[in-house]
Amino acid sequence: MKQPAAGQTIFTNDQGKDITWKPLEADTAGLFKNEMLSNGYIYLTYDSKEEQSALLHVMGHNMLYVNGVPHAGDIYWHGYLYIPVKLKKGVNEILIRCSRWARWQGVSTHLLFPEKFIAINTTDPTLPYVLLDKTSEELWGAVVVINGTDKTLTNLSITSVLAGKERNTTLPAIPPMATRKVGFRLDATGVKQKNSYTCSLKLTEKGKLLDERPVTIEAVNSEDHYSNTFVSAIDGSIQYYGVAPQSKPDGKQPALFLSVHGAGVEAIGQAKAYQPKSWGVLVAPTNRRPRGFNWEDWGRLDALEVLEHAKKKYTPEPHHIYLTGHSMGGHGTWYLGATYPGKWAAIAPCAGYPTLTGYGSADGKIPGQGASDAENLLLQASNPSNVIELAQNYKTAGIYIHHGDSDKVVSVDYARQMRALLGTFHKDFSYYEYPGGSHWFGNESVDWPPIFDYFNWHTIPDDSAINVVDFTTASTAISSQFHWASILQQEHSFKYSRIKLKRNKKKNAITGTTENVSVLAFSLEDFKPNTTLTITLDSLASVQYTVKSANDIVYLQKQGAWKIGVKPDPKHKGINRNGSFKEAFNHKMVFVYSTAGTKAENEWSYNKARYDAEVWYYRGNGAIDIIADKEFSAAAYRDRGVILYGNATTNTAWKKLLANCPITVQRGSIKAGGKQYTGDNLAAYFTWPRADSEIASVGVISGTGLSGMQATEANQYFAAGSGFPDYLIFTTDMLKDGAKAVKLAGFYNNDWSFENGQQVGN
């Protein structure tokens with residue numbers, strides 16, 4: 001990039017207007033403000049007298065570069081990003097890509113020089129409440145540790161001291177010039193009464209005290225609202241959920257209400273909006289952050305993870321599980337309700353919108369009529385987000401729609417849209433517009449008594465009571481089952497798969513139709529052993545199957561006609577892994593950077609891995625192991641997702657993980673099946689199943705040269721609802737030409753073969 005100068009033309013836009021650099025000064029509050037910043041950049045310099053470390057604290061930006069090195073942005077002005085940076089002697093360049101929030105709040109920029117560069121940062125803690133009748137339970141908290149040195153820190157520990165009780169926790173490695181949110185244990189047995197307690201956290205290295213900071217722990221009675229923390233299986237980080245406990249436990253199994261919050265709302269705040277219910281307990285997951293993932297992608301996984309934690313902890317009556325939420329959580333209710341039919345007795349979206357694209361929450365422009373094949377394939381990868389296409393799944397549960405008729409944030413028109421849609425097929429939904437209600441008109445915006453009255457007379461039916469199935473999914477690894485029927489494999493990944501079935505237990509018959517289904521499974525517990533079952537699908541020839549036992553499952557495979565089959569190979573596409581590049585960012589993923597390339601290539605690889613870890617922390621309250629390729633071994637990271645940075649020339653872990661992959665990226669070229677592309681400006685994102693695992697995948701972020709590698713920095717795959725197919729190969733021209741620069745994109749076949757899958761190219 002050329003050093004900017006006032007009046008210098010950057011580019012000419014589609015209307016022929018020259019876009020130029022303009023001088024801008026901070027206001028008296030130290031903020032940069034200008035309407036153009038919502039889609040603009042700020043260029044700053046800092047003249048350092050020597051090479052030194054600093055902490056960069058910026059708010060109101062999507063991302064930034066320091067001397068060409070990318071770092072995460074504080075889009076929403078949360079204020080907890082303190083990023084270690086290395087300043088060179090002389091002029092240092094800082095290029096800030098601003099967020100739309102800059103239009104209203106401006107951009108705040110600070111360069112700090114603290115006394116300690118190995119320290120605890122307590123501006124973003126994740127902390128539990130202590131329940132006085134359960135002080136012996138293991139408790140976890142989490143804080144950020146800053147490593148502003150040039151070495152990896154591997155011998156750190158945190159000692160927590162709470163009410164005179166100490167507990168020591170060994171910390172994971174923290175890479176150089178990086179931060180990591182780390183978990184620590186708490187011993188609460190010294191807490192005896194309801195109060196706020198100061199907990200001291202001591203950071204040590206081999207017994208040497210490096211830093212000490214206090215955090216506040218709340219102790220409450222079991223009938224009070226509180227937070228539970230847990231270790232997430234997604235990435236090993238510490239997460240929490242809020243609880244509104246049952247007000248009058250009677251020894252019977254309670255109902256369970258899962259309440260998903262709106263944008264900017266903490267889960268404990270969501271829980272506190274509800275008065276405790278006499279007949280059930282309410283839990284509020286976090287979506288990983290107050291804005292997080294819009295309850296899609298890893299927000300969806302957080303909701304499911306908390307649901308399972310709550311089931312184990314509170315042992316609810318399994319027929320009485322309900323879903324509700326407000327605003328973004330209203331969207332989450334529509335989304336989770338459509339994606340997981342059969343899990344909920346009833347759902348209640350409050351002030352919600354059905355889709356991200358319809359509301360305008362999706363990143364980027366949505367191609368319309370005349371979209372290219374590449375654009376349509378990228379949209380296909382986003383199909384799980386489209387609840388309108390999944391709407392028939394709503395038939396399985398009661399629905400109560402609650403919306404203020406004067407809502408200026410989420411228009412009541414969205415509620416009316418869904419009322420009209422449900423009116424065409426749904427037989428059990430209620431609808432209420434609160435007169436004069438704004439977006440938030442007090443706790444009744446969520447804690448509306450008629451919702452819980454409606455819930456109380458709805459239950460999840462037993463499988464034996466369900467004889468008609470109408471179920472749609474866009475990915476079997478996201479959602480595959482409805483009561484006794486499961487879609488195990490699709491004919492085409494991420495296109496909609498639908499089954500419409502009728503079961504006649506008296507005649508021992510199942511009939512129906514399928515769309516985009518390759519393998520089906522039916523649970524046969526409601527058919528008597530040794531009886532012959534007749535299955536007729538898609539008006540094709542019937543198949544006969546003799547029921548072996550009460551726990552029998554029949555598998556059906558489509559090969560022109562439907563035939564009795566076997567359970568699919570768990571290493572093929574299916575319910576464990578179904579592809580999409582984003583799928584690899586799961587199962588406690590580890591980031592692996594290269595050391596076998598040139599100095600510049602290896603620096604890019606590490607910097608990109610660290611940048612992604614920063615974004616994951618900011619968006620998902622998460623923590624990632626970052627290791628060098630030479631440190632990776634399959635045995636040490638068994639069944640974990642792996643994100644590999646670099647190419648076959650630069651990253652020595654490539655051969656260990658991708659030996660049989662049909663896509664190979666090396667310096668100067670990419671081979672994909674029988675296709676080959678050359679040049680140093682090619683970039684690629686793709687996934688490949690780990691050969692030694694039935695669940696984990698490898699995600700690759702690669703380029704044929706520095707130019708191509710740097711092009712991978714532009715796409716935000718952590719953005720909620722964004723679609724990435726199994727593989728995407730593009731050039732640096734994507735930065736200005738969009739999807740026209742896609743060379744190849746597609747999905748593998750069910751056996752992960754390249755040639756028999758779906759692909760498009762320009």
# chains A, B, ... in the order shown; residues from 1 in each chain; ligands from 1
>>> residues_around(residues="A:Ala173", least_positions_apart="6", cutoff="9 Å", atoms="only C-alpha atoms", output="list in words")
Thr152, Leu153, Thr154, Asn155, Leu156, Arg180, Asp625 and Ile626 of chain A
>>> residues_around(residues="A:Tyr394", least_positions_apart="2", cutoff="7 Å", atoms="only C-alpha atoms", output="PyMOL selection string")
chain A and resi 337-338+341+391-392+396-397
>>> closest_atom_pairs(of="stretch 565-609 of chain A", to="stretch 471-487 of chain A", cutoff="10 Å", atoms="only C-alpha atoms", output="tab-separated table")
residue	atom	partner	partner_atom	distance
A:Lys573	CA	A:Ala477	CA	8.4
A:Gly574	CA	A:Thr476	CA	5.7
A:Ile575	CA	A:Ala477	CA	4.2
A:Asn576	CA	A:Ala477	CA	5.5
A:Arg577	CA	A:Ala477	CA	5.5
A:Asn578	CA	A:Ala477	CA	5.4
A:Gly579	CA	A:Ala477	CA	8.3
A:Ser580	CA	A:Ser475	CA	9.7
A:Glu583	CA	A:Ala477	CA	9.1
>>> closest_residue(among="A:Gly705, A:Gly207, A:Gly251, A:Pro354", to="A:Met328", atoms="only C-alpha atoms")
A:Pro354
>>> select_by_dssp(residues="stretch 286-511 of chain A", states="alpha helix (DSSP H)", output="PyMOL selection string")
chain A and resi 298-314+328-339+356-359+373-380+412-422+449-456
>>> select_by_dssp(residues="stretch 153-329 of chain A", states="strand (DSSP E)", output="number ranges by chain")
A: 156-162, 165-170, 178-186, 195-205, 208-220, 226-231, 238-244, 255-260, 280-284, 321-326
>>> residues_around(residues="A:Pro114", least_positions_apart="6", cutoff="10 Å", atoms="only C-alpha atoms", output="PyMOL selection string")
chain A and resi 53-55+148
>>> residues_around(residues="stretch 706-708 of chain A", least_positions_apart="5", cutoff="12 Å", atoms="only C-alpha atoms", output="MDAnalysis selection string")
chainID A and resid 597:605 608 646:647 650 665:670 678:685 701 713:714 729:735
>>> residues_around(residues="A:Thr123", least_positions_apart="4", cutoff="12 Å", atoms="only C-alpha atoms", output="ChimeraX atom specification")
/A:78-82,127,142-145,181,213-216
>>> write_last_selection(atoms="N, CA and C atoms", output="PDB file, in the first residue's frame")
ATOM      1  N   HIS A  78     -16.765  -2.961  22.719  1.00  0.00           N
ATOM      2  CA  HIS A  78     -16.783  -3.647  24.013  1.00  0.00           C
ATOM      3  C   HIS A  78     -15.653  -3.171  24.918  1.00  0.00           C
ATOM      4  N   GLY A  79     -14.510  -2.847  24.326  1.00  0.00           N
ATOM      5  CA  GLY A  79     -13.427  -2.243  25.093  1.00  0.00           C
ATOM      6  C   GLY A  79     -12.472  -3.199  25.754  1.00  0.00           C
ATOM      7  N   TYR A  80     -12.573  -4.518  25.482  1.00  0.00           N
ATOM      8  CA  TYR A  80     -11.693  -5.450  26.182  1.00  0.00           C
ATOM      9  C   TYR A  80     -10.541  -5.981  25.323  1.00  0.00           C
ATOM     10  N   LEU A  81     -10.347  -5.440  24.096  1.00  0.00           N
ATOM     11  CA  LEU A  81      -9.226  -5.883  23.275  1.00  0.00           C
ATOM     12  C   LEU A  81      -7.989  -5.038  23.578  1.00  0.00           C
ATOM     13  N   TYR A  82      -7.027  -5.644  24.237  1.00  0.00           N
ATOM     14  CA  TYR A  82      -5.713  -5.038  24.467  1.00  0.00           C
ATOM     15  C   TYR A  82      -4.701  -5.959  23.796  1.00  0.00           C
ATOM     16  N   LEU A 127     -17.193 -15.561  35.024  1.00  0.00           N
ATOM     17  CA  LEU A 127     -17.155 -15.961  36.428  1.00  0.00           C
ATOM     18  C   LEU A 127     -18.452 -16.649  36.842  1.00  0.00           C
ATOM     19  N   ALA A 142     -12.657 -17.610  34.209  1.00  0.00           N
ATOM     20  CA  ALA A 142     -11.692 -17.373  33.141  1.00  0.00           C
ATOM     21  C   ALA A 142     -11.369 -15.889  33.050  1.00  0.00           C
ATOM     22  N   VAL A 143     -10.100 -15.590  32.790  1.00  0.00           N
ATOM     23  CA  VAL A 143      -9.634 -14.227  32.544  1.00  0.00           C
ATOM     24  C   VAL A 143      -8.615 -14.271  31.415  1.00  0.00           C
ATOM     25  N   VAL A 144      -8.296 -13.107  30.897  1.00  0.00           N
ATOM     26  CA  VAL A 144      -7.310 -13.007  29.819  1.00  0.00           C
ATOM     27  C   VAL A 144      -5.917 -12.826  30.405  1.00  0.00           C
ATOM     28  N   VAL A 145      -4.955 -13.547  29.839  1.00  0.00           N
ATOM     29  CA  VAL A 145      -3.545 -13.339  30.167  1.00  0.00           C
ATOM     30  C   VAL A 145      -2.858 -12.754  28.946  1.00  0.00           C
ATOM     31  N   LYS A 181      -7.527 -16.219  26.690  1.00  0.00           N
ATOM     32  CA  LYS A 181      -8.425 -16.326  27.830  1.00  0.00           C
ATOM     33  C   LYS A 181      -8.265 -17.715  28.422  1.00  0.00           C
ATOM     34  N   ARG A 213      -4.272  -9.803  40.460  1.00  0.00           N
ATOM     35  CA  ARG A 213      -5.441  -8.960  40.202  1.00  0.00           C
ATOM     36  C   ARG A 213      -6.653  -9.519  40.946  1.00  0.00           C
ATOM     37  N   PRO A 214      -7.566  -8.639  41.346  1.00  0.00           N
ATOM     38  CA  PRO A 214      -8.795  -9.107  42.004  1.00  0.00           C
ATOM     39  C   PRO A 214      -9.949  -9.236  41.014  1.00  0.00           C
ATOM     40  N   VAL A 215     -10.848 -10.157  41.283  1.00  0.00           N
ATOM     41  CA  VAL A 215     -12.147 -10.231  40.613  1.00  0.00           C
ATOM     42  C   VAL A 215     -13.201 -10.402  41.697  1.00  0.00           C
ATOM     43  N   THR A 216     -14.437 -10.109  41.352  1.00  0.00           N
ATOM     44  CA  THR A 216     -15.524 -10.189  42.333  1.00  0.00           C
ATOM     45  C   THR A 216     -16.394 -11.402  42.058  1.00  0.00           C
TER      46      THR A 216
END
>>> closest_residue(among="A:Pro249, A:Tyr727, A:Asn221, A:Phe754", to="A:Ala374", atoms="only C-alpha atoms")
A:Tyr727
>>> closest_residue(among="A:Glu375, A:Phe527, A:Leu37, A:Tyr46", to="A:Lys740", atoms="only C-alpha atoms")
A:Glu375
>>> atom_distance(atom1="atom CA of A:His326", atom2="atom CA of A:Gly73")
26.6 Å
>>> decode(residues="stretch 539-560 of chain A", atoms="N, CA and C atoms", output="PDB file, in the first residue's frame")
ATOM      1  N   SER A 539     -42.961 -43.655  -4.781  1.00  0.00           N
ATOM      2  CA  SER A 539     -43.713 -44.452  -5.759  1.00  0.00           C
ATOM      3  C   SER A 539     -42.833 -45.461  -6.488  1.00  0.00           C
ATOM      4  N   LEU A 540     -41.708 -45.814  -5.887  1.00  0.00           N
ATOM      5  CA  LEU A 540     -40.827 -46.836  -6.455  1.00  0.00           C
ATOM      6  C   LEU A 540     -41.192 -48.190  -5.864  1.00  0.00           C
ATOM      7  N   ALA A 541     -40.503 -49.215  -6.301  1.00  0.00           N
ATOM      8  CA  ALA A 541     -40.806 -50.566  -5.840  1.00  0.00           C
ATOM      9  C   ALA A 541     -40.663 -50.668  -4.324  1.00  0.00           C
ATOM     10  N   SER A 542     -41.611 -51.354  -3.698  1.00  0.00           N
ATOM     11  CA  SER A 542     -41.577 -51.528  -2.252  1.00  0.00           C
ATOM     12  C   SER A 542     -40.448 -52.464  -1.853  1.00  0.00           C
ATOM     13  N   VAL A 543     -39.972 -52.272  -0.625  1.00  0.00           N
ATOM     14  CA  VAL A 543     -38.970 -53.183  -0.076  1.00  0.00           C
ATOM     15  C   VAL A 543     -39.544 -53.811   1.184  1.00  0.00           C
ATOM     16  N   GLN A 544     -39.137 -55.042   1.471  1.00  0.00           N
ATOM     17  CA  GLN A 544     -39.606 -55.783   2.630  1.00  0.00           C
ATOM     18  C   GLN A 544     -38.473 -55.904   3.643  1.00  0.00           C
ATOM     19  N   TYR A 545     -38.848 -55.800   4.918  1.00  0.00           N
ATOM     20  CA  TYR A 545     -37.832 -55.930   5.964  1.00  0.00           C
ATOM     21  C   TYR A 545     -38.462 -56.624   7.165  1.00  0.00           C
ATOM     22  N   THR A 546     -37.792 -57.648   7.682  1.00  0.00           N
ATOM     23  CA  THR A 546     -38.270 -58.374   8.853  1.00  0.00           C
ATOM     24  C   THR A 546     -37.674 -57.761  10.109  1.00  0.00           C
ATOM     25  N   VAL A 547     -38.547 -57.309  10.999  1.00  0.00           N
ATOM     26  CA  VAL A 547     -38.109 -56.651  12.232  1.00  0.00           C
ATOM     27  C   VAL A 547     -37.474 -57.686  13.148  1.00  0.00           C
ATOM     28  N   LYS A 548     -36.246 -57.394  13.606  1.00  0.00           N
ATOM     29  CA  LYS A 548     -35.503 -58.380  14.399  1.00  0.00           C
ATOM     30  C   LYS A 548     -35.764 -58.249  15.892  1.00  0.00           C
ATOM     31  N   SER A 549     -35.850 -56.998  16.380  1.00  0.00           N
ATOM     32  CA  SER A 549     -36.018 -56.798  17.818  1.00  0.00           C
ATOM     33  C   SER A 549     -36.667 -55.444  18.055  1.00  0.00           C
ATOM     34  N   ALA A 550     -36.949 -55.163  19.335  1.00  0.00           N
ATOM     35  CA  ALA A 550     -37.577 -53.889  19.678  1.00  0.00           C
ATOM     36  C   ALA A 550     -36.636 -52.709  19.466  1.00  0.00           C
ATOM     37  N   ASN A 551     -35.329 -52.965  19.416  1.00  0.00           N
ATOM     38  CA  ASN A 551     -34.344 -51.900  19.218  1.00  0.00           C
ATOM     39  C   ASN A 551     -33.814 -51.860  17.792  1.00  0.00           C
ATOM     40  N   ASP A 552     -34.509 -52.500  16.887  1.00  0.00           N
ATOM     41  CA  ASP A 552     -34.010 -52.621  15.516  1.00  0.00           C
ATOM     42  C   ASP A 552     -34.094 -51.284  14.772  1.00  0.00           C
ATOM     43  N   ILE A 553     -33.155 -51.074  13.865  1.00  0.00           N
ATOM     44  CA  ILE A 553     -33.127 -49.913  12.968  1.00  0.00           C
ATOM     45  C   ILE A 553     -32.945 -50.433  11.551  1.00  0.00           C
ATOM     46  N   VAL A 554     -33.768 -49.952  10.636  1.00  0.00           N
ATOM     47  CA  VAL A 554     -33.612 -50.343   9.243  1.00  0.00           C
ATOM     48  C   VAL A 554     -32.981 -49.176   8.481  1.00  0.00           C
ATOM     49  N   TYR A 555     -32.002 -49.518   7.651  1.00  0.00           N
ATOM     50  CA  TYR A 555     -31.320 -48.520   6.827  1.00  0.00           C
ATOM     51  C   TYR A 555     -31.735 -48.713   5.377  1.00  0.00           C
ATOM     52  N   LEU A 556     -32.029 -47.612   4.706  1.00  0.00           N
ATOM     53  CA  LEU A 556     -32.441 -47.670   3.310  1.00  0.00           C
ATOM     54  C   LEU A 556     -31.527 -46.776   2.473  1.00  0.00           C
ATOM     55  N   GLN A 557     -31.085 -47.307   1.364  1.00  0.00           N
ATOM     56  CA  GLN A 557     -30.176 -46.572   0.489  1.00  0.00           C
ATOM     57  C   GLN A 557     -30.796 -46.453  -0.895  1.00  0.00           C
ATOM     58  N   LYS A 558     -30.690 -45.258  -1.468  1.00  0.00           N
ATOM     59  CA  LYS A 558     -31.254 -45.024  -2.788  1.00  0.00           C
ATOM     60  C   LYS A 558     -30.190 -45.241  -3.853  1.00  0.00           C
ATOM     61  N   GLN A 559     -30.421 -46.230  -4.696  1.00  0.00           N
ATOM     62  CA  GLN A 559     -29.540 -46.516  -5.838  1.00  0.00           C
ATOM     63  C   GLN A 559     -30.437 -46.710  -7.059  1.00  0.00           C
ATOM     64  N   GLY A 560     -31.002 -45.596  -7.517  1.00  0.00           N
ATOM     65  CA  GLY A 560     -32.040 -45.683  -8.532  1.00  0.00           C
ATOM     66  C   GLY A 560     -33.347 -46.023  -7.858  1.00  0.00           C
TER      67      GLY A 560
END
